[in-house]
Amino acid sequence: MTATIKVGVSACLLGQPVRYDGGHKHDRYITETLGAFFSFVPVCPEVECGMTVPREPMRLEGDPCNPRLITNYSRSDLTEQMLDYCCAKVRRLEQEELCGFIFKKDSPSCGLLQVKVYAGDESAKNGSGLFAAAMQRTFPLLPMEEEGRLHDPAIREIFLKRLFCYHRLQGFLGNTPPVELLHNHV
Ligand code: SF4
């Protein structure tokens with residue numbers, strides 16, 4: 001187990017200019033306050049899966065449980081490109097011994113909760129970004145939150161407690177604790 005507490009973060013929240021428009025979404029609470037306690041592992045699924053900066057914006061479409069990732073104007077289907085990346089990336093992240101993850105809200109790749117999924121002209125906030133969903137499937141007990149929700153003091157406190165607890169569990173059980181062992185110790 002590493003002594004530092006490692007937390008994965010959507011790279012644009014750390015100020016990296018990786019968004020579709022070449023910008024970022026630097027969150028100073030994350031970098032300046034949480035940065036005093038945690039070591040960050042930046043991840044930008046869209047850039048890491050081979051997309052350019054800048055790039056065409058995209059959105060989720062279809063079945064909220066199994067959505068497609070489609071570009072807004074040229075209608076390119078990027079679902080397989082992203083899912084192939086997610087499959088390989090979650091395996092690599094197992095080696096990082098992360099204690100949590102902070103995702104960028106509303107993103108079709110990184111959004112954890114209530115991401116818009118379109119069906120025709122209608123949309124509903126009932127999906128998760130493809131990378132966030134892959135992380136949830138692979139690490140079901142890993143503490144995860146969105147940057148927007150961390151501005152709520154109660155949500156923030158619970159998230160931080162879970163991070164420290166997960167780190168201590170790693171110390172007892174080694175690396176990324178297997179789900180069945182965690183169930184017996186939480
Ligand atoms: S939300 Fe995720 S995919 Fe989009 S720019 Fe930020 S890190 Fe990259």
# chains A, B, ... in the order shown; residues from 1 in each chain; ligands from 1
>>> residues_near_ligand(ligand="ligand 1", cutoff="6 Å", atoms="only C-alpha atoms and all ligand atoms", output="PyMOL selection string")
chain A and resi 10-12+18-19+43-46+104+107+109-110
>>> select_by_dssp(residues="segment 39-180 of chain A", states="helix (DSSP H, G or I)", output="ChimeraX atom specification")
/A:45-48,79-94,130-138,149-151,153-173,179-180
>>> select_by_dssp(residues="segment 47-178 of chain A", states="strand (DSSP E or B)", output="list of chain:residue names")
A:Met58, A:Arg59, A:Leu60, A:Glu61, A:Arg68, A:Leu69, A:Ile70, A:Thr71, A:Asp77, A:Leu98, A:Cys99, A:Gly100, A:Phe101, A:Ile102, A:Phe103, A:Val115, A:Lys116, A:Val117, A:Tyr118, A:Ala119, A:Glu122, A:Ser123, A:Ala124, A:Lys125, A:Asn126, A:Gly127, A:Met144, A:Glu145, A:Glu146
>>> closest_residue(among="A:Lys6, A:Lys105, A:Lys25, A:Arg92", to="Glu146 of chain A", atoms="only C-alpha atoms")
A:Lys105
>>> atom_distance(atom1="atom CA of Ile30 of chain A", atom2="atom CA of Leu150 of chain A")
9.1 Å
>>> closest_residue(among="A:Leu141, A:Leu69, A:Leu169, A:Ala134", to="Arg91 of chain A", atoms="only C-alpha atoms")
A:Ala134
>>> atom_distance(atom1="atom CA of Glu61 of chain A", atom2="atom CA of Ala119 of chain A")
5.8 Å
>>> closest_residue(among="A:Phe101, A:Phe37, A:Tyr73, A:Tyr20", to="Met135 of chain A", atoms="only C-alpha atoms")
A:Phe101
>>> closest_residue(among="A:Pro17, A:Pro108, A:Gly35, A:Gly174", to="Glu94 of chain A", atoms="only C-alpha atoms")
A:Gly174
>>> atom_distance(atom1="atom CA of Asp106 of chain A", atom2="atom CA of Leu93 of chain A")
22.4 Å
>>> residues_around(residues="Glu96 of chain A", least_positions_apart="2", cutoff="12 Å", atoms="only C-alpha atoms", output="ChimeraX atom specification")
/A:1-2,4-8,39-42,89-94,98-101,170,175-176
>>> write_last_selection(atoms="C-alpha atoms", output="PDB file, in the first residue's frame")
ATOM      1  CA  MET A   1       0.000   0.000   0.000  1.00  0.00           C
ATOM      2  CA  THR A   2       1.263   3.514  -0.779  1.00  0.00           C
ATOM      3  CA  THR A   4       0.035   8.816  -0.017  1.00  0.00           C
ATOM      4  CA  ILE A   5      -3.700   8.715  -0.538  1.00  0.00           C
ATOM      5  CA  LYS A   6      -4.233   8.633  -4.292  1.00  0.00           C
ATOM      6  CA  VAL A   7      -7.429   9.978  -5.808  1.00  0.00           C
ATOM      7  CA  GLY A   8      -8.346   9.839  -9.482  1.00  0.00           C
ATOM      8  CA  SER A  39      -2.136  12.908  -4.493  1.00  0.00           C
ATOM      9  CA  PHE A  40      -4.116  13.191  -7.733  1.00  0.00           C
ATOM     10  CA  VAL A  41      -4.130  10.842 -10.708  1.00  0.00           C
ATOM     11  CA  PRO A  42      -5.545  12.821 -13.666  1.00  0.00           C
ATOM     12  CA  LYS A  89      -7.927   1.852 -18.496  1.00  0.00           C
ATOM     13  CA  VAL A  90      -9.741   0.314 -15.523  1.00  0.00           C
ATOM     14  CA  ARG A  91      -7.226  -2.580 -15.599  1.00  0.00           C
ATOM     15  CA  ARG A  92      -4.349  -0.077 -15.485  1.00  0.00           C
ATOM     16  CA  LEU A  93      -6.001   1.869 -12.660  1.00  0.00           C
ATOM     17  CA  GLU A  94      -6.093  -1.290 -10.537  1.00  0.00           C
ATOM     18  CA  LEU A  98      -6.728   4.661  -5.839  1.00  0.00           C
ATOM     19  CA  CYS A  99      -8.769   5.478  -2.725  1.00  0.00           C
ATOM     20  CA  GLY A 100     -11.426   7.428  -4.588  1.00  0.00           C
ATOM     21  CA  PHE A 101     -12.384   9.304  -7.739  1.00  0.00           C
ATOM     22  CA  GLN A 170      -6.114  -1.001   1.761  1.00  0.00           C
ATOM     23  CA  ASN A 175      -3.807  -3.058  -2.807  1.00  0.00           C
ATOM     24  CA  THR A 176      -7.360  -2.804  -4.177  1.00  0.00           C
TER      25      THR A 176
END
>>> closest_residue(among="A:Cys87, A:His24, A:Tyr29, A:Pro54", to="Arg156 of chain A", atoms="only C-alpha atoms")
A:Tyr29
>>> closest_residue(among="A:Met58, A:Phe38, A:Tyr118, A:Asn66", to="Leu160 of chain A", atoms="only C-alpha atoms")
A:Phe38
